$ cat entry-v4.cif   # mmCIF, C-alpha atoms
data_target
loop_
_atom_site.label_atom_id
_atom_site.label_comp_id
_atom_site.auth_asym_id
_atom_site.auth_seq_id
_atom_site.Cartn_x
_atom_site.Cartn_y
_atom_site.Cartn_z
CA MET A 608 77.63 -13.62 66.53
CA ALA A 609 76.28 -13.90 62.98
CA ARG A 610 73.54 -16.39 62.31
CA ARG A 611 72.20 -17.85 59.08
CA THR A 612 68.61 -18.28 58.02
CA ARG A 613 67.16 -20.93 55.78
CA ASP A 614 67.89 -18.76 52.77
CA ASP A 615 71.55 -18.44 53.82
CA ASP A 616 71.14 -14.68 54.26
CA LEU A 617 73.72 -13.34 56.65
CA LEU A 618 72.15 -11.50 59.58
CA MET A 619 74.04 -9.56 62.21
CA GLU A 620 73.22 -9.22 65.87
CA GLU A 621 72.49 -5.67 67.04
CA ASP A 622 75.88 -5.24 68.77
CA GLU A 623 77.73 -6.37 65.63
CA LEU A 624 75.67 -4.03 63.46
CA THR A 625 76.38 -1.10 65.78
CA ALA A 626 80.09 -1.98 65.81
CA ALA A 627 80.12 -2.15 62.01
CA PHE A 628 78.83 1.41 61.74
CA LEU A 629 80.52 2.99 64.75
CA GLY A 630 83.72 0.95 64.91
CA ASP A 631 84.89 -0.93 67.97
CA ASP A 632 86.64 2.14 69.41
CA ASP A 633 83.39 4.11 69.53
CA LEU A 634 81.63 1.43 71.57
CA GLY A 635 84.10 1.19 74.42
CA SER A 636 84.70 -2.03 76.30
CA PRO A 637 81.84 -4.51 76.68
CA SER A 638 81.43 -3.52 80.33
CA GLN A 639 80.79 0.09 79.25
CA GLN A 640 78.04 -0.86 76.81
CA SER A 641 74.57 -0.45 78.24
CA GLY A 642 72.48 -1.28 75.21
CA PRO A 643 72.19 0.10 71.70
CA GLN A 644 74.02 3.32 71.00
CA GLN A 645 71.76 6.28 70.23
CA PRO A 646 72.85 9.04 67.85
CA GLN A 647 73.65 12.27 69.60
CA ALA A 648 72.19 15.62 68.58
CA PRO A 649 74.70 18.17 67.32
CA ALA A 650 76.06 20.58 69.89
CA ALA A 651 74.37 23.98 69.94
CA ASP A 652 77.35 25.71 68.33
CA GLU A 653 77.31 23.23 65.41
CA TRP A 654 73.89 24.55 64.30
CA ASP A 655 75.36 28.02 63.79
CA GLU A 656 78.20 26.92 61.48
CA GLU A 657 77.76 27.78 57.81
CA GLU A 658 78.86 25.23 55.25
CA SER A 659 81.52 26.45 52.86
CA VAL A 660 80.66 23.70 50.39
CA PRO A 661 77.83 24.46 47.97
CA GLY A 662 74.81 22.18 48.01
CA GLN A 663 74.65 19.47 45.40
CA LEU A 664 71.84 19.47 42.87
CA ALA A 665 69.94 16.21 42.28
CA VAL A 666 69.62 15.29 38.61
CA ASP A 667 68.14 12.68 36.29
CA VAL A 668 70.12 11.82 33.14
CA TYR A 669 68.57 9.73 30.38
CA GLU A 670 68.65 9.32 26.63
CA THR A 671 66.16 9.00 23.85
CA LYS A 672 66.98 7.76 20.36
CA GLU A 673 68.21 11.20 19.26
CA ARG A 674 68.84 13.19 22.47
CA LEU A 675 70.58 13.11 25.86
CA VAL A 676 68.44 14.77 28.54
CA VAL A 677 69.41 16.12 31.97
CA LYS A 678 66.61 17.16 34.35
CA ALA A 679 67.11 18.93 37.67
CA ARG A 680 64.64 20.16 40.28
CA THR A 681 65.31 23.86 40.66
CA ALA A 682 62.06 24.99 42.27
CA GLY A 683 62.35 28.51 43.59
CA VAL A 684 65.38 29.40 41.48
CA ASN A 685 65.09 32.31 39.06
CA LYS A 686 66.55 31.58 35.63
CA HIS A 687 68.80 34.63 36.04
CA ASP A 688 70.35 32.91 39.10
CA LEU A 689 71.33 29.83 37.06
CA ASP A 690 74.60 29.29 35.22
CA VAL A 691 74.73 26.31 32.84
CA SER A 692 77.91 25.50 30.91
CA ILE A 693 79.58 22.63 29.07
CA SER A 694 83.26 21.95 28.62
CA ASP A 695 85.07 18.75 27.58
CA ASN A 696 81.79 16.76 27.64
CA THR A 697 81.14 17.84 31.25
CA LEU A 698 77.94 19.72 32.09
CA THR A 699 78.04 22.15 35.02
CA ILE A 700 74.95 23.67 36.61
CA ARG A 701 75.41 26.39 39.25
CA GLY A 702 72.93 28.61 40.95
CA THR A 703 71.64 30.27 44.08
CA LEU A 704 68.46 29.50 45.93
CA SER A 705 67.34 32.49 47.95
CA ALA A 706 65.16 32.09 51.03
CA GLY A 707 63.91 35.63 50.62
CA ASN A 708 63.71 38.17 53.41
CA GLU A 709 64.34 36.54 56.80
CA GLU A 710 65.21 39.62 58.83
CA ASP A 711 62.40 39.03 61.34
CA VAL A 712 63.31 35.39 62.08
CA GLU A 713 64.40 35.02 65.69
CA ASN A 714 64.74 31.24 65.93
CA TYR A 715 64.30 28.23 63.65
CA PHE A 716 62.59 25.21 65.15
CA LEU A 717 63.16 23.12 62.04
CA GLN A 718 65.15 23.97 58.92
CA GLU A 719 65.19 21.27 56.25
CA CYS A 720 65.23 23.37 53.10
CA TYR A 721 68.59 24.17 51.55
CA TRP A 722 69.16 27.86 50.82
CA GLY A 723 72.27 29.20 49.18
CA GLU A 724 74.62 28.23 46.39
CA PHE A 725 74.44 24.87 44.68
CA SER A 726 76.57 23.26 42.01
CA ARG A 727 76.69 20.01 40.05
CA SER A 728 79.11 18.80 37.39
CA ILE A 729 78.22 15.74 35.36
CA ALA A 730 80.45 13.86 32.93
CA LEU A 731 78.04 13.20 30.08
CA PRO A 732 77.75 9.46 29.37
CA VAL A 733 77.60 9.80 25.58
CA PRO A 734 79.18 12.22 23.10
CA VAL A 735 76.93 15.22 22.38
CA LYS A 736 76.77 17.96 19.79
CA GLU A 737 77.65 21.06 21.78
CA GLU A 738 76.01 23.27 19.15
CA GLU A 739 72.65 21.45 19.65
CA ILE A 740 71.77 22.28 23.26
CA GLU A 741 68.42 23.47 24.56
CA ALA A 742 67.82 24.51 28.18
CA VAL A 743 64.31 25.21 29.50
CA LEU A 744 63.22 26.16 33.03
CA LYS A 745 59.54 25.38 33.53
CA ASP A 746 57.53 24.69 36.68
CA GLY A 747 60.66 24.40 38.81
CA VAL A 748 62.36 21.84 36.56
CA LEU A 749 65.45 22.66 34.51
CA THR A 750 65.60 20.45 31.41
CA ILE A 751 68.75 20.45 29.31
CA SER A 752 68.63 18.51 26.06
CA PHE A 753 71.58 17.68 23.81
CA GLY A 754 71.74 16.26 20.31
CA LYS A 755 73.73 13.02 20.45
CA VAL A 756 76.65 12.32 18.16
CA LYS A 757 75.77 9.30 16.08
CA GLN A 758 78.17 6.44 16.63
CA ASP A 759 78.84 6.04 12.93
CA THR A 760 79.97 9.69 12.75
CA VAL A 761 82.55 9.25 15.50
CA LYS A 762 85.97 9.52 13.92
CA LYS A 763 88.06 6.41 14.42
CA ILE A 764 91.77 6.90 14.98
CA GLN A 765 94.10 4.30 13.54
CA ILE A 766 96.90 3.19 15.79
CA LEU A 767 100.27 2.96 14.05
#

$ encode --input "entry-v4.cif" --output "structure tokens"
Amino acid sequence: MARRTRDDDLLMEEDELTAAFLGDDDLGSPSQQSGPQQPQAPAADEWDEEESVPGQLAVDVYETKERLVVKARTAGVNKHDLDVSISDNTLTIRGTLSAGNEEDVENYFLQECYWGEFSRSIALPVPVKEEEIEAVLKDGVLTISFGKVKQDTVKKIQIL
């Protein structure tokens, strides 16, 4: 049952919170519940499956008075393994992050680093001058800078 605090914040009991995330079907009947549900580790064969979807690159997008800037952490990626393109005001960054030579590895105990192909497409939030683009890879950070189209130079179209 939900309860309210002095501040009228809505709090949920543990069973309601679990049901909200798992759904009532996942919990079974109340007689089958023996306390909070614990997440289960993936089956052994799930660890061996390769993802067919490329990893997604994290980016920061911001603007200055004159420029639109996109920054992405690409530590460990060689600039020759990066492909940066723009089409219809959409920036696409693709690349491959190689783990190097792992022929001698017999078993991973923990693998948190992503290795392989990655891709990210971003609809740019402001119009840019496609002829004024600068891309620099330095210290593991890819910085792409665009000249912005000034609002007063945007061509207005009259509706008839």

$ resolve_selection --input "entry-v4.cif" --expression "the PyMOL selection byres ((chain A and resi 705) around 12)" --output "JSON, numbers by chain"
{"A": [681, 682, 683, 684, 685, 688, 689, 702, 703, 704, 706, 707, 708, 709, 720, 721, 722, 723, 724, 725]}

$ write_last_selection --input "entry-v4.cif" --atoms "C-alpha atoms" --output "short mmCIF file (atom, residue, chain, number, x, y, z; two decimals), in the frame of the given file"
data_model
loop_
_atom_site.label_atom_id
_atom_site.label_comp_id
_atom_site.auth_asym_id
_atom_site.auth_seq_id
_atom_site.Cartn_x
_atom_site.Cartn_y
_atom_site.Cartn_z
CA THR A 681 65.31 23.86 40.66
CA ALA A 682 62.06 24.99 42.27
CA GLY A 683 62.35 28.51 43.59
CA VAL A 684 65.38 29.40 41.48
CA ASN A 685 65.09 32.31 39.06
CA ASP A 688 70.35 32.91 39.10
CA LEU A 689 71.33 29.83 37.06
CA GLY A 702 72.93 28.61 40.95
CA THR A 703 71.64 30.27 44.08
CA LEU A 704 68.46 29.50 45.93
CA ALA A 706 65.16 32.09 51.03
CA GLY A 707 63.91 35.63 50.62
CA ASN A 708 63.71 38.17 53.41
CA GLU A 709 64.34 36.54 56.80
CA CYS A 720 65.23 23.37 53.10
CA TYR A 721 68.59 24.17 51.55
CA TRP A 722 69.16 27.86 50.82
CA GLY A 723 72.27 29.20 49.18
CA GLU A 724 74.62 28.23 46.39
CA PHE A 725 74.44 24.87 44.68
#

$ atom_distance --input "entry-v4.cif" --atom1 "CA of Ser728 (chain A)" --atom2 "CA of Gln758 (chain A)"
24.2 Å

$ atom_distance --input "entry-v4.cif" --atom1 "CA of Arg674 (chain A)" --atom2 "CA of Arg727 (chain A)"
20.4 Å

$ resolve_selection --input "entry-v4.cif" --expression "the PyMOL selection byres ((chain A and resi 693) around 10)" --output "ChimeraX atom specification"
/A:691-692,694-700,728-731,737,740

$ atom_distance --input "entry-v4.cif" --atom1 "CA of Gly662 (chain A)" --atom2 "CA of Ala742 (chain A)"
21.2 Å

$ closest_residue --input "entry-v4.cif" --among "A:Ile766, A:Val733, A:Val743, A:Val677" --to "Leu664 (chain A)" --atoms "only C-alpha atoms"
A:Val677

$ closest_residue --input "entry-v4.cif" --among "A:Gly747, A:Val666, A:Pro732, A:Val712" --to "Lys686 (chain A)" --atoms "all atoms listed in the file"
A:Gly747

$ closest_residue --input "entry-v4.cif" --among "A:Leu717, A:Ala665, A:Ala679, A:Leu767" --to "Leu749 (chain A)" --atoms "all atoms listed in the file"
A:Ala679

$ resolve_selection --input "entry-v4.cif" --expression "the PyMOL selection byres ((chain A and resi 670) around 10)" --output "ChimeraX atom specification"
/A:668-669,671-677,732-733,752-755

$ axis_aligned_box --input "entry-v4.cif" --around "region 736-755 of chain A" --padding-each-side "3 Å" --output "JSON"
{"center_x": 67.6, "center_y": 19.6, "center_z": 29.0, "size_x": 26.1, "size_y": 19.1, "size_z": 25.7}
